[in-house]
$ cat coords05.txt   # compact mmCIF, C-alpha atoms
# COMPACT_ATOMS: atom_id res chain seq x y z
CA MET A 581 -82.01 35.94 -100.49
CA ARG A 582 -79.15 34.17 -102.24
CA ALA A 583 -79.75 31.37 -104.73
CA LEU A 584 -78.22 28.77 -102.42
CA ASP A 585 -80.42 29.88 -99.52
CA ARG A 586 -83.50 29.59 -101.70
CA ALA A 587 -82.48 26.09 -102.80
CA LEU A 588 -81.81 25.04 -99.21
CA LEU A 589 -85.20 26.44 -98.20
CA VAL A 590 -86.94 24.30 -100.82
CA ALA A 591 -84.87 21.26 -99.79
CA ARG A 592 -85.71 21.79 -96.11
CA ARG A 593 -89.38 22.20 -96.93
CA GLU A 594 -89.23 19.00 -98.96
CA LEU A 595 -87.53 17.05 -96.19
CA ASP A 596 -90.01 18.40 -93.62
CA ALA A 597 -92.87 17.21 -95.78
CA GLU A 598 -91.20 13.81 -96.09
CA ARG A 599 -90.70 13.65 -92.32
CA ARG A 600 -94.31 14.57 -91.58
CA GLN A 601 -95.69 12.15 -94.14
CA PRO A 602 -92.99 9.57 -94.86
CA ASP A 603 -95.04 7.44 -97.24
CA GLY A 604 -92.57 8.00 -100.10
CA VAL A 605 -89.56 6.87 -98.05
CA ALA A 606 -91.50 3.94 -96.62
CA ALA A 607 -92.54 2.80 -100.10
CA ALA A 608 -88.98 3.19 -101.47
CA LEU A 609 -87.46 1.29 -98.54
CA THR A 610 -89.98 -1.52 -98.84
CA PHE A 611 -89.45 -1.67 -102.59
CA ALA A 612 -85.63 -1.78 -102.33
CA GLY A 613 -85.80 -4.43 -99.61
CA LEU A 614 -88.19 -6.55 -101.63
CA VAL A 615 -85.93 -6.37 -104.70
CA VAL A 616 -82.97 -7.66 -102.65
CA LEU A 617 -85.13 -10.46 -101.22
CA LEU A 618 -86.50 -11.41 -104.62
CA GLU A 619 -82.99 -11.39 -106.08
CA SER A 620 -81.87 -14.02 -103.55
CA LEU A 621 -84.98 -16.08 -104.22
CA ALA A 622 -84.78 -15.84 -108.01
CA LEU A 623 -81.04 -16.39 -108.42
CA GLY A 624 -80.31 -18.58 -105.42
CA PRO A 625 -77.80 -17.69 -102.68
CA GLY A 626 -74.73 -18.64 -104.75
CA ARG A 627 -75.32 -16.27 -107.67
CA ALA A 628 -76.94 -13.51 -105.61
CA HIS A 629 -73.72 -13.43 -103.55
CA ASP A 630 -71.69 -12.52 -106.67
CA PRO A 631 -70.45 -8.87 -106.37
CA ASP A 632 -71.44 -8.04 -109.98
CA VAL A 633 -74.98 -9.36 -109.54
CA ALA A 634 -75.51 -7.89 -106.08
CA SER A 635 -74.24 -4.46 -107.21
CA ALA A 636 -76.41 -4.43 -110.33
CA VAL A 637 -79.57 -5.42 -108.45
CA PHE A 638 -78.83 -2.90 -105.70
CA TRP A 639 -78.45 0.03 -108.10
CA ILE A 640 -81.47 -0.95 -110.20
CA ALA A 641 -83.49 -1.01 -106.96
CA ILE A 642 -82.13 2.43 -106.01
CA LEU A 643 -82.95 3.77 -109.48
CA PHE A 644 -86.56 2.62 -109.27
CA ALA A 645 -86.76 3.91 -105.69
CA ALA A 646 -85.53 7.33 -106.86
CA VAL A 647 -88.26 7.50 -109.51
CA LEU A 648 -90.83 6.42 -106.93
CA LEU A 649 -89.65 9.11 -104.50
CA VAL A 650 -89.60 11.94 -106.99
CA SER A 651 -93.00 10.94 -108.31
CA ARG A 652 -94.45 11.09 -104.78
CA SER A 653 -92.75 14.43 -104.19
CA PHE A 654 -94.27 16.05 -107.29
CA ASP A 655 -97.67 14.46 -106.58
CA ARG A 656 -97.61 16.29 -103.26
CA GLU A 657 -96.69 19.58 -104.94
CA LEU A 658 -99.47 19.26 -107.50
CA GLU A 659 -102.08 18.23 -104.90
CA ASP A 660 -101.37 21.40 -102.90
CA ASP A 661 -100.71 23.67 -105.91
CA ALA A 662 -97.59 24.63 -103.95
CA ILE A 663 -95.40 24.44 -107.02
CA ASP A 664 -97.06 27.49 -108.61
CA ALA A 665 -96.09 29.65 -105.63
CA ILE A 666 -92.44 28.59 -105.81
CA VAL A 667 -92.25 29.07 -109.57
CA ALA A 668 -93.76 32.56 -109.23
CA LEU A 669 -90.91 33.72 -106.95
CA GLU A 670 -87.82 35.39 -108.39
CA GLY A 671 -85.28 32.64 -108.96
CA GLY A 672 -87.93 30.15 -107.88
CA ARG A 673 -87.43 27.79 -110.79
CA ASP A 674 -83.74 27.28 -110.13
CA ALA A 675 -84.43 26.97 -106.41
CA LEU A 676 -87.13 24.39 -107.10
CA TYR A 677 -84.76 22.29 -109.19
CA ALA A 678 -81.75 22.58 -106.90
CA GLY A 679 -83.84 22.10 -103.76
CA LYS A 680 -85.54 19.00 -105.14
CA VAL A 681 -82.17 17.58 -106.22
CA LEU A 682 -80.67 18.13 -102.76
CA ALA A 683 -83.68 16.72 -100.94
CA LEU A 684 -83.93 13.72 -103.24
CA ALA A 685 -80.21 12.99 -102.78
CA ALA A 686 -80.68 13.05 -99.00
CA VAL A 687 -83.68 10.72 -99.10
CA ILE A 688 -82.03 8.34 -101.60
CA ALA A 689 -78.99 8.25 -99.30
CA ILE A 690 -81.22 6.99 -96.47
CA VAL A 691 -82.77 4.36 -98.75
CA ALA A 692 -79.35 3.34 -100.12
CA LEU A 693 -77.91 3.06 -96.61
CA ALA A 694 -80.73 0.80 -95.45
CA ALA A 695 -80.85 -1.27 -98.66
CA GLY A 696 -77.03 -1.53 -98.73
CA ALA A 697 -76.86 -2.78 -95.13
CA PHE A 698 -79.72 -5.18 -95.88
CA SER A 699 -77.89 -6.51 -98.97
CA ILE A 700 -74.58 -6.94 -97.15
CA VAL A 701 -76.21 -8.86 -94.29
CA LEU A 702 -78.74 -10.87 -96.29
CA LEU A 703 -76.45 -11.78 -99.18
CA ASP A 704 -73.43 -12.19 -96.90
CA LEU A 705 -71.34 -9.87 -99.08
CA ASP A 706 -67.65 -9.61 -98.38
CA VAL A 707 -66.71 -5.90 -98.39
CA ARG A 708 -63.00 -5.66 -99.20
CA LEU A 709 -62.75 -1.85 -99.55
CA ALA A 710 -65.26 -0.23 -97.20
CA ALA A 711 -64.07 3.36 -97.73
CA HIS A 712 -64.18 2.97 -101.51
CA LEU A 713 -67.64 1.43 -101.27
CA VAL A 714 -68.90 4.42 -99.27
CA LEU A 715 -67.36 6.83 -101.79
CA VAL A 716 -68.95 5.02 -104.76
CA ALA A 717 -72.30 4.91 -102.94
CA ILE A 718 -72.21 8.64 -102.13
CA LEU A 719 -71.34 9.63 -105.71
CA GLY A 720 -73.87 7.15 -107.11
CA VAL A 721 -76.56 8.70 -104.93
CA VAL A 722 -75.50 12.22 -105.99
CA ALA A 723 -75.42 11.30 -109.71
CA LEU A 724 -79.06 10.18 -109.95
CA PRO A 725 -81.20 13.15 -108.75
CA PRO A 726 -80.09 15.79 -111.34
CA VAL A 727 -81.51 13.64 -114.15
CA VAL A 728 -84.55 12.23 -112.33
CA VAL A 729 -85.71 15.67 -111.13
CA LEU A 730 -85.11 17.29 -114.51
CA VAL A 731 -87.10 14.63 -116.35
CA SER A 732 -89.89 14.86 -113.77
CA LEU A 733 -90.07 18.62 -114.30
CA ILE A 734 -90.29 18.14 -118.07
CA ALA A 735 -93.13 15.66 -117.63
CA LEU A 736 -94.80 17.54 -114.79
CA ARG A 737 -98.29 18.00 -116.23
CA VAL A 738 -98.11 15.37 -118.93
CA ARG A 739 -100.71 12.62 -119.20
CA ALA A 740 -99.36 9.25 -117.96
CA ARG A 741 -96.50 10.99 -116.10
CA VAL A 742 -95.86 7.85 -114.02
CA VAL A 743 -95.06 5.93 -117.19
CA ILE A 744 -93.18 8.58 -119.13
CA VAL A 745 -90.73 9.57 -116.35
CA PRO A 746 -88.96 6.16 -116.18
CA ILE A 747 -89.04 5.84 -119.99
CA LEU A 748 -87.21 9.17 -120.31
CA ALA A 749 -84.98 8.89 -117.26
CA PHE A 750 -83.66 5.33 -117.52
CA PRO A 751 -81.87 5.71 -120.89
CA LEU A 752 -80.32 8.97 -119.68
CA LEU A 753 -79.21 7.28 -116.47
CA ALA A 754 -77.64 4.25 -118.15
CA PRO A 755 -74.04 5.56 -117.85
CA GLN A 756 -74.58 6.44 -114.18
CA LEU A 757 -76.08 2.99 -113.54
CA LEU A 758 -73.16 1.31 -115.29
CA ALA A 759 -70.57 3.36 -113.38
CA ALA A 760 -72.24 2.88 -110.01
CA THR A 761 -72.64 -0.87 -110.55
CA ALA A 762 -69.07 -1.37 -111.77
CA GLY A 763 -67.67 0.86 -109.01
CA THR A 764 -69.60 -0.98 -106.30
CA SER A 765 -68.54 -4.35 -107.67
CA ALA A 766 -64.91 -3.20 -107.80
CA ALA A 767 -65.07 -1.98 -104.18
CA LEU A 768 -66.62 -5.27 -103.06
CA SER A 769 -63.97 -7.28 -104.95
CA GLY A 770 -61.03 -5.19 -103.70
CA ASP A 771 -60.07 -3.43 -106.95
CA ALA A 772 -59.21 0.05 -105.61
CA SER A 773 -58.09 1.70 -108.86
CA ALA A 774 -61.19 0.56 -110.77
CA ALA A 775 -63.46 1.75 -107.96
CA LEU A 776 -61.82 5.19 -107.96
CA GLY A 777 -62.01 5.37 -111.76
CA TRP A 778 -65.76 4.81 -111.70
CA THR A 779 -66.23 7.40 -108.94
CA GLY A 780 -64.59 9.95 -111.24
CA LEU A 781 -67.11 9.15 -113.94
CA LEU A 782 -70.02 9.39 -111.49
CA ALA A 783 -68.79 12.78 -110.29
CA SER A 784 -68.49 14.00 -113.90
CA PHE A 785 -72.04 12.93 -114.73
CA ALA A 786 -73.41 14.55 -111.57
CA LEU A 787 -71.64 17.79 -112.49
CA VAL A 788 -72.65 17.77 -116.18
CA TYR A 789 -76.32 17.06 -115.53
CA GLY A 790 -76.42 19.38 -112.52
CA VAL A 791 -75.10 22.30 -114.58
CA LEU A 792 -77.29 21.35 -117.55
CA GLY A 793 -80.32 21.19 -115.26
CA LEU A 794 -79.67 24.59 -113.72
CA THR A 795 -79.08 26.10 -117.17
CA ILE A 796 -82.14 24.65 -118.81
CA VAL A 797 -84.60 24.32 -115.95
CA PRO A 798 -86.25 27.76 -116.27
CA ALA A 799 -87.42 26.69 -119.72
CA ALA A 800 -88.53 23.26 -118.52
CA ILE A 801 -90.93 24.44 -115.82
CA GLU A 802 -94.35 25.61 -116.96
CA MET B 929 -94.94 34.86 -127.51
CA ILE B 930 -95.07 32.53 -130.49
CA GLU B 931 -95.63 33.51 -134.10
CA THR B 932 -99.20 33.50 -135.35
CA THR B 933 -98.29 32.03 -138.71
CA ALA B 934 -96.23 28.97 -139.49
CA SER B 935 -94.42 30.40 -142.51
CA PRO B 936 -92.56 28.02 -144.81
CA LEU B 937 -88.78 28.31 -145.08
CA PRO B 938 -87.46 29.24 -148.57
CA ALA B 939 -85.36 26.05 -148.58
CA LEU B 940 -88.55 24.00 -148.63
CA ARG B 941 -89.16 25.25 -152.19
CA LEU B 942 -86.38 22.86 -153.21
CA ARG B 943 -88.53 20.00 -151.91
CA PRO B 944 -89.44 18.31 -155.22
CA TRP B 945 -85.83 18.51 -156.43
CA LEU B 946 -84.49 16.97 -153.24
CA GLY B 947 -86.66 13.91 -153.79
CA ILE B 948 -85.50 13.51 -157.38
CA VAL B 949 -81.81 13.90 -156.53
CA ALA B 950 -82.15 11.53 -153.55
CA THR B 951 -83.82 8.85 -155.70
CA ALA B 952 -81.18 9.16 -158.44
CA LEU B 953 -78.33 8.95 -155.93
CA ALA B 954 -79.97 5.99 -154.16
CA MET B 955 -80.13 4.13 -157.48
CA LEU B 956 -76.49 4.99 -158.24
CA VAL B 957 -75.18 3.79 -154.88
CA SER B 958 -77.29 0.63 -155.09
CA TRP B 959 -75.43 -0.21 -158.30
CA MET B 960 -72.07 0.81 -156.82
CA GLY B 961 -72.63 -1.10 -153.59
CA LEU B 962 -74.00 -4.28 -155.12
CA LEU B 963 -72.01 -4.53 -158.36
CA TRP B 964 -69.18 -2.02 -158.74
CA ALA B 965 -67.44 -2.25 -155.36
CA PRO B 966 -65.12 -5.31 -155.07
CA THR B 967 -65.82 -8.28 -152.84
CA ASP B 968 -63.98 -8.17 -149.51
CA ALA B 969 -61.11 -10.67 -149.23
CA VAL B 970 -62.05 -11.73 -145.69
CA GLN B 971 -65.80 -11.17 -145.30
CA GLY B 972 -66.91 -11.85 -148.86
CA ASP B 973 -70.08 -10.10 -150.01
CA VAL B 974 -71.61 -9.77 -146.58
CA TYR B 975 -69.49 -6.67 -145.92
CA ARG B 976 -71.73 -4.77 -148.42
CA VAL B 977 -74.12 -4.16 -145.52
CA ILE B 978 -71.62 -1.42 -144.65
CA TYR B 979 -73.15 0.72 -147.43
CA VAL B 980 -76.42 0.82 -145.46
CA HIS B 981 -75.19 0.45 -141.90
CA VAL B 982 -72.63 3.27 -141.83
CA PRO B 983 -74.74 5.91 -143.66
CA ALA B 984 -77.75 5.03 -141.50
CA ALA B 985 -75.64 5.49 -138.35
CA TRP B 986 -74.30 8.79 -139.75
CA LEU B 987 -77.85 9.99 -140.37
CA ALA B 988 -78.84 9.07 -136.83
CA TYR B 989 -76.07 11.36 -135.51
CA LEU B 990 -76.97 14.09 -138.00
CA ALA B 991 -80.69 13.90 -137.24
CA PHE B 992 -80.20 14.11 -133.49
CA ALA B 993 -77.73 16.98 -133.87
CA VAL B 994 -80.41 18.80 -135.88
CA VAL B 995 -82.94 18.06 -133.09
CA PHE B 996 -80.50 19.64 -130.64
CA LEU B 997 -80.00 22.80 -132.73
CA ALA B 998 -83.71 23.10 -133.52
CA SER B 999 -84.51 22.71 -129.81
CA ILE B 1000 -82.18 25.59 -128.97
CA GLY B 1001 -83.78 27.55 -131.81
CA TRP B 1002 -87.28 26.99 -130.39
CA LEU B 1003 -86.31 27.96 -126.84
CA TRP B 1004 -84.51 31.03 -128.14
CA THR B 1005 -87.00 32.37 -130.68
CA ARG B 1006 -90.32 30.48 -130.11
CA ARG B 1007 -90.72 30.18 -133.86
CA PRO B 1008 -92.90 27.13 -134.70
CA TRP B 1009 -90.63 26.37 -137.64
CA PHE B 1010 -87.93 25.17 -135.23
CA ASP B 1011 -90.36 22.81 -133.52
CA ALA B 1012 -91.39 21.40 -136.90
CA LEU B 1013 -87.72 20.87 -137.72
CA ALA B 1014 -87.08 19.15 -134.37
CA VAL B 1015 -89.97 16.69 -134.57
CA SER B 1016 -89.32 15.90 -138.24
CA SER B 1017 -85.64 15.26 -137.64
CA ALA B 1018 -86.35 13.18 -134.51
CA GLU B 1019 -88.73 10.89 -136.40
CA ILE B 1020 -86.22 10.39 -139.21
CA GLY B 1021 -83.44 9.89 -136.65
CA VAL B 1022 -85.42 7.14 -134.91
CA LEU B 1023 -86.09 5.51 -138.28
CA PHE B 1024 -82.42 5.52 -139.28
CA THR B 1025 -81.17 4.47 -135.83
CA GLY B 1026 -83.48 1.48 -136.10
CA LEU B 1027 -82.19 0.78 -139.60
CA ALA B 1028 -78.55 1.04 -138.41
CA ILE B 1029 -79.25 -1.42 -135.58
CA VAL B 1030 -81.03 -3.89 -137.87
CA ALA B 1031 -78.37 -3.63 -140.61
CA GLY B 1032 -75.63 -4.01 -137.99
CA SER B 1033 -77.37 -7.06 -136.59
CA ILE B 1034 -77.59 -8.64 -140.07
CA TRP B 1035 -73.87 -7.95 -140.53
CA ALA B 1036 -73.00 -9.26 -137.04
CA LYS B 1037 -74.51 -12.72 -137.49
CA PRO B 1038 -72.08 -13.99 -140.18
CA THR B 1039 -69.05 -12.04 -138.87
CA TRP B 1040 -69.39 -12.25 -135.07
CA GLY B 1041 -71.67 -15.32 -135.02
CA VAL B 1042 -74.48 -13.61 -133.08
CA TRP B 1043 -77.36 -11.26 -133.94
CA TRP B 1044 -76.69 -9.13 -130.90
CA THR B 1045 -73.92 -8.78 -128.36
CA TRP B 1046 -73.64 -6.65 -125.24
CA ASP B 1047 -70.98 -4.50 -126.80
CA PRO B 1048 -70.89 -0.93 -125.38
CA ARG B 1049 -71.49 0.69 -128.76
CA LEU B 1050 -74.48 -1.49 -129.57
CA VAL B 1051 -75.96 -0.94 -126.15
CA THR B 1052 -75.48 2.82 -126.25
CA THR B 1053 -76.98 2.97 -129.75
CA ALA B 1054 -79.98 1.00 -128.50
CA ILE B 1055 -80.18 3.40 -125.54
CA MET B 1056 -80.08 6.36 -127.94
CA PHE B 1057 -82.90 4.75 -129.92
CA GLY B 1058 -84.94 4.32 -126.72
CA MET B 1059 -84.24 7.89 -125.69
CA TYR B 1060 -85.60 9.38 -128.92
CA VAL B 1061 -88.59 7.01 -128.89
CA GLY B 1062 -89.21 8.52 -125.44
CA TYR B 1063 -88.86 11.99 -126.99
CA LEU B 1064 -91.58 11.16 -129.51
CA LEU B 1065 -93.77 9.60 -126.79
CA LEU B 1066 -93.43 12.76 -124.70
CA ARG B 1067 -94.59 14.82 -127.65
CA GLY B 1068 -97.52 12.47 -128.20
CA LEU B 1069 -98.67 12.76 -124.59
CA SER B 1070 -98.72 16.56 -124.62
CA THR B 1071 -101.69 18.35 -126.18
CA ASP B 1072 -100.89 22.06 -125.88
CA PHE B 1073 -98.66 23.14 -128.78
CA GLU B 1074 -96.36 25.52 -126.95
CA ARG B 1075 -95.91 23.32 -123.88
CA ARG B 1076 -95.25 20.28 -126.04
CA ALA B 1077 -92.63 22.13 -128.05
CA THR B 1078 -90.91 23.45 -124.91
CA ARG B 1079 -90.86 20.08 -123.12
CA ALA B 1080 -89.56 18.37 -126.23
CA ALA B 1081 -86.92 21.07 -126.77
CA VAL B 1082 -85.55 20.64 -123.27
CA LEU B 1083 -85.38 16.87 -123.71
CA GLY B 1084 -83.85 17.29 -127.18
CA ILE B 1085 -80.99 19.26 -125.64
CA ILE B 1086 -80.40 16.83 -122.76
CA ALA B 1087 -80.55 13.73 -124.94
CA VAL B 1088 -77.82 14.93 -127.28
CA VAL B 1089 -75.30 14.44 -124.46
CA ASP B 1090 -75.68 10.73 -125.23
CA VAL B 1091 -74.63 11.02 -128.89
CA PRO B 1092 -70.88 11.69 -128.26
CA ILE B 1093 -70.91 8.88 -125.69
CA VAL B 1094 -72.06 6.51 -128.42
CA HIS B 1095 -69.27 7.56 -130.76
CA LEU B 1096 -66.52 7.64 -128.15
CA SER B 1097 -67.56 4.39 -126.48
CA VAL B 1098 -65.95 2.38 -129.27
CA LEU B 1099 -62.66 4.16 -128.64
CA TYR B 1100 -62.56 4.16 -124.85
CA MET B 1101 -64.40 1.04 -123.74
CA ASN B 1102 -63.54 -2.58 -124.36
CA SER B 1103 -65.42 -3.38 -127.51
CA VAL B 1104 -65.77 -6.15 -130.07
CA HIS B 1105 -67.14 -3.58 -132.50
CA GLN B 1106 -64.59 -2.67 -135.13
CA LEU B 1107 -62.81 0.65 -134.78
CA PRO B 1108 -63.86 3.52 -137.08
CA THR B 1109 -62.85 2.70 -140.63
CA VAL B 1110 -63.02 6.15 -142.21
CA LEU B 1111 -62.85 8.77 -139.44
CA ARG B 1112 -59.74 7.48 -137.69
CA VAL B 1113 -57.62 9.63 -135.38
CA GLY B 1114 -54.19 10.21 -136.95
CA GLY B 1115 -54.55 7.75 -139.82
CA ASP B 1116 -55.74 7.36 -143.39
CA PRO B 1117 -58.98 5.51 -144.10
CA SER B 1118 -58.34 1.73 -144.01
CA LEU B 1119 -60.77 0.95 -146.85
CA ASP B 1120 -59.95 -0.01 -150.44
CA SER B 1121 -60.35 3.08 -152.68
CA GLN B 1122 -63.37 1.68 -154.61
CA MET B 1123 -65.01 0.63 -151.38
CA GLY B 1124 -64.22 4.02 -149.86
CA MET B 1125 -65.72 5.84 -152.83
CA THR B 1126 -68.87 3.71 -152.69
CA LEU B 1127 -69.18 4.35 -148.98
CA GLY B 1128 -68.68 8.08 -149.55
CA PHE B 1129 -71.40 8.15 -152.21
CA SER B 1130 -73.69 6.12 -149.92
CA VAL B 1131 -73.27 8.68 -147.18
CA ILE B 1132 -74.04 11.51 -149.63
CA ALA B 1133 -77.08 9.66 -151.03
CA PHE B 1134 -78.45 8.89 -147.56
CA THR B 1135 -77.91 12.53 -146.59
CA PHE B 1136 -80.02 13.63 -149.56
CA VAL B 1137 -82.67 11.07 -148.57
CA TYR B 1138 -82.62 12.61 -145.10
CA PHE B 1139 -83.13 16.12 -146.43
CA ALA B 1140 -85.86 14.97 -148.83
CA LEU B 1141 -87.72 13.20 -146.01
CA LEU B 1142 -87.13 16.17 -143.72
CA ALA B 1143 -88.61 18.62 -146.21
CA GLU B 1144 -91.70 16.42 -146.74
CA ARG B 1145 -92.25 15.83 -143.03
CA MET B 1146 -91.75 19.52 -142.23
CA GLU B 1147 -94.36 20.48 -144.76
CA ILE B 1148 -96.85 18.12 -143.06
CA GLU B 1149 -95.94 19.55 -139.67
CA ARG B 1150 -96.21 23.14 -140.95
CA ARG B 1151 -99.76 22.47 -142.15
CA ARG B 1152 -100.63 20.84 -138.83
CA GLN B 1153 -99.27 23.85 -136.96
CA GLN B 1154 -101.18 26.20 -139.24
CA ARG B 1155 -104.43 24.36 -138.43
CA LEU B 1156 -103.69 24.64 -134.70
CA LEU B 1157 -102.88 28.33 -134.99
CA ASP B 1158 -106.05 28.91 -137.06
CA VAL B 1159 -108.13 27.23 -134.36
CA ARG B 1160 -106.45 29.37 -131.71
CA ALA B 1161 -107.02 32.57 -133.71

$ encode --input "coords05.txt" --output "structure tokens"
Amino acid sequence: MRALDRALLVARRELDAERRQPDGVAAALTFAGLVVLLESLALGPGRAHDPDVASAVFWIAILFAAVLLVSRSFDRELEDDAIDAIVALEGGRDALYAGKVLALAAVIAIVALAAGAFSIVLLDLDVRLAAHLVLVAILGVVALPPVVVLVSLIALRVRARVVIVPILAFPLLAPQLLAATAGTSAALSGDASAALGWTGLLASFALVYGVLGLTIVPAAIE
Amino acid sequence: MIETTASPLPALRLRPWLGIVATALAMLVSWMGLLWAPTDAVQGDVYRVIYVHVPAAWLAYLAFAVVFLASIGWLWTRRPWFDALAVSSAEIGVLFTGLAIVAGSIWAKPTWGVWWTWDPRLVTTAIMFGMYVGYLLLRGLSTDFERRATRAAVLGIIAVVDVPIVHLSVLYMNSVHQLPTVLRVGGDPSLDSQMGMTLGFSVIAFTFVYFALLAERMEIERRRQQRLLDVRA
């Protein structure tokens, strides 16, 4: 079996588990929706409508949702001891990492789509460059999982894992957060060249951390 | 398979001498920085913070680069010495990153008018600080020696990606932070020669302080590892 097939198998298994028991997605969607609601309440409709503010709150919500989702995913693995079986297979560690990254990207995309639509409607955002916005959103979604999954694997059997994963992941994800926020704001405001510039940065970070993860992940998994 | 003894490195035999040289150099640069170097025409005496701020920032980079190399060393060889080097350097790096931030903040108030500003370089330095505090927290939450060392090594390699971002941010992002004064691309250092010499000596003195602290901390870690290995044996 090729490496890509193994990764796709893990991703499919992950998505099946999420479909059968969608508590992680439900929690992430509720959380992201609540953040958008609370933003409007806390800042007032005038400031919440600002593209910079709306973009920042949206991506912070997605970041927390990603941590929530990956935490639920690894909880499930540890409850069933399923992770040991995958790790024991030849090439299982790489497949575990790549599969989790792919599955998490797919689930975050669903959450981002719902939360994005919710934000646009609720905050009455004016989308000037829809295609650019979609491109930034896709690359933003792709840029988060390589880091979140890698950090979760490092902290897999650590005490207080729920606390340590965001502490480790958020500083590493700061450039991605900045790029996604600035790119989204640029797309909302109609600045095409800035939006494309930030997508380039997001793609670079996704690539760097993806390659780094695949290189280093066999050592990270116990 | 890890080694069953945490043997000391020959370089650690220089330990007492490192402390003496570091203390002597620290006294020399204190005199140079406070008395010998001229007062700046624009900033007055407040600029003298540079003799702490810049070397502390340099040590932060150095310390985290050492963490990176030691992490690779641990993953490659599984020799406990590399893990001792990584944790010792990380602790010193966190200390000096904190010192660089505090010294920079003290310098910023009279020159920029604020203690802190959301300048990219300041933010990324603070992020780097948070990242290595996280590194130390991760180590603290792990009990098994080998697992702790491996987890920390992986994080030590990932985190170093942030260090070039910190340095390059001042060049490529809009920044109120001044451009590099000494290591400038395609130009001579923009400092007065006496100031430059004092800064150079400060960097050397701080580097000796780093190695002196590193040697002491590694010795503590080596003994701790030896106790763990004795218990295991």

$ interface_residues --input "coords05.txt" --of "chain A" --to "chain B" --cutoff "7 Å" --atoms "all atoms listed in the file" --output "compact mmCIF listing (two decimals) with C-alpha atoms, keeping the file's coordinate frame"
# COMPACT_ATOMS: atom_id res chain seq x y z
CA ILE A 734 -90.29 18.14 -118.07
CA VAL A 738 -98.11 15.37 -118.93
CA ARG A 739 -100.71 12.62 -119.20
CA ILE A 744 -93.18 8.58 -119.13
CA ILE A 747 -89.04 5.84 -119.99
CA LEU A 748 -87.21 9.17 -120.31
CA PRO A 751 -81.87 5.71 -120.89
CA ILE A 796 -82.14 24.65 -118.81
CA ALA A 800 -88.53 23.26 -118.52

$ closest_residue --input "coords05.txt" --among "A:Ala683, A:Leu792, A:Ala759, A:Ile718" --to "A:Arg599" --atoms "all atoms listed in the file"
A:Ala683

$ residues_around --input "coords05.txt" --residues "A:Lys680" --least-positions-apart "5" --cutoff "8 Å" --atoms "all atoms listed in the file" --output "list in words"
Val590, Ala591, Glu594 and Val729 of chain A

$ write_last_selection --input "coords05.txt" --atoms "C-alpha atoms" --output "compact mmCIF listing (two decimals), keeping the file's coordinate frame"
# COMPACT_ATOMS: atom_id res chain seq x y z
CA VAL A 590 -86.94 24.30 -100.82
CA ALA A 591 -84.87 21.26 -99.79
CA GLU A 594 -89.23 19.00 -98.96
CA VAL A 729 -85.71 15.67 -111.13

$ atom_distance --input "coords05.txt" --atom1 "atom CA of A:Leu682" --atom2 "atom CA of A:Val716"
17.7 Å

$ atom_distance --input "coords05.txt" --atom1 "atom CA of B:Thr1135" --atom2 "atom CA of B:Tyr975"
21.0 Å

$ build_atoms --input "coords05.txt" --residues "stretch 668-678 of chain A" --atoms "N, CA and C atoms" --output "PDB file, keeping the file's coordinate frame"
ATOM      1  N   ALA A 668     -93.454  31.129-109.072  1.00  0.00           N
ATOM      2  CA  ALA A 668     -93.760  32.560-109.230  1.00  0.00           C
ATOM      3  C   ALA A 668     -92.693  33.453-108.582  1.00  0.00           C
ATOM      4  N   LEU A 669     -91.932  32.907-107.638  1.00  0.00           N
ATOM      5  CA  LEU A 669     -90.910  33.720-106.950  1.00  0.00           C
ATOM      6  C   LEU A 669     -89.736  34.006-107.886  1.00  0.00           C
ATOM      7  N   GLU A 670     -89.017  35.086-107.613  1.00  0.00           N
ATOM      8  CA  GLU A 670     -87.820  35.390-108.390  1.00  0.00           C
ATOM      9  C   GLU A 670     -86.757  34.324-108.093  1.00  0.00           C
ATOM     10  N   GLY A 671     -86.265  33.709-109.144  1.00  0.00           N
ATOM     11  CA  GLY A 671     -85.280  32.640-108.960  1.00  0.00           C
ATOM     12  C   GLY A 671     -85.894  31.348-108.445  1.00  0.00           C
ATOM     13  N   GLY A 672     -87.220  31.300-108.450  1.00  0.00           N
ATOM     14  CA  GLY A 672     -87.930  30.150-107.880  1.00  0.00           C
ATOM     15  C   GLY A 672     -87.731  28.863-108.666  1.00  0.00           C
ATOM     16  N   ARG A 673     -87.577  28.995-109.971  1.00  0.00           N
ATOM     17  CA  ARG A 673     -87.430  27.790-110.790  1.00  0.00           C
ATOM     18  C   ARG A 673     -86.103  27.086-110.505  1.00  0.00           C
ATOM     19  N   ASP A 674     -85.042  27.872-110.451  1.00  0.00           N
ATOM     20  CA  ASP A 674     -83.740  27.280-110.130  1.00  0.00           C
ATOM     21  C   ASP A 674     -83.749  26.692-108.726  1.00  0.00           C
ATOM     22  N   ALA A 675     -84.370  27.434-107.803  1.00  0.00           N
ATOM     23  CA  ALA A 675     -84.430  26.970-106.410  1.00  0.00           C
ATOM     24  C   ALA A 675     -85.233  25.678-106.322  1.00  0.00           C
ATOM     25  N   LEU A 676     -86.300  25.598-107.105  1.00  0.00           N
ATOM     26  CA  LEU A 676     -87.130  24.390-107.100  1.00  0.00           C
ATOM     27  C   LEU A 676     -86.298  23.187-107.561  1.00  0.00           C
ATOM     28  N   TYR A 677     -85.574  23.387-108.655  1.00  0.00           N
ATOM     29  CA  TYR A 677     -84.760  22.290-109.190  1.00  0.00           C
ATOM     30  C   TYR A 677     -83.665  21.887-108.201  1.00  0.00           C
ATOM     31  N   ALA A 678     -82.892  22.884-107.783  1.00  0.00           N
ATOM     32  CA  ALA A 678     -81.750  22.580-106.900  1.00  0.00           C
ATOM     33  C   ALA A 678     -82.229  22.008-105.571  1.00  0.00           C
TER      34      ALA A 678
END
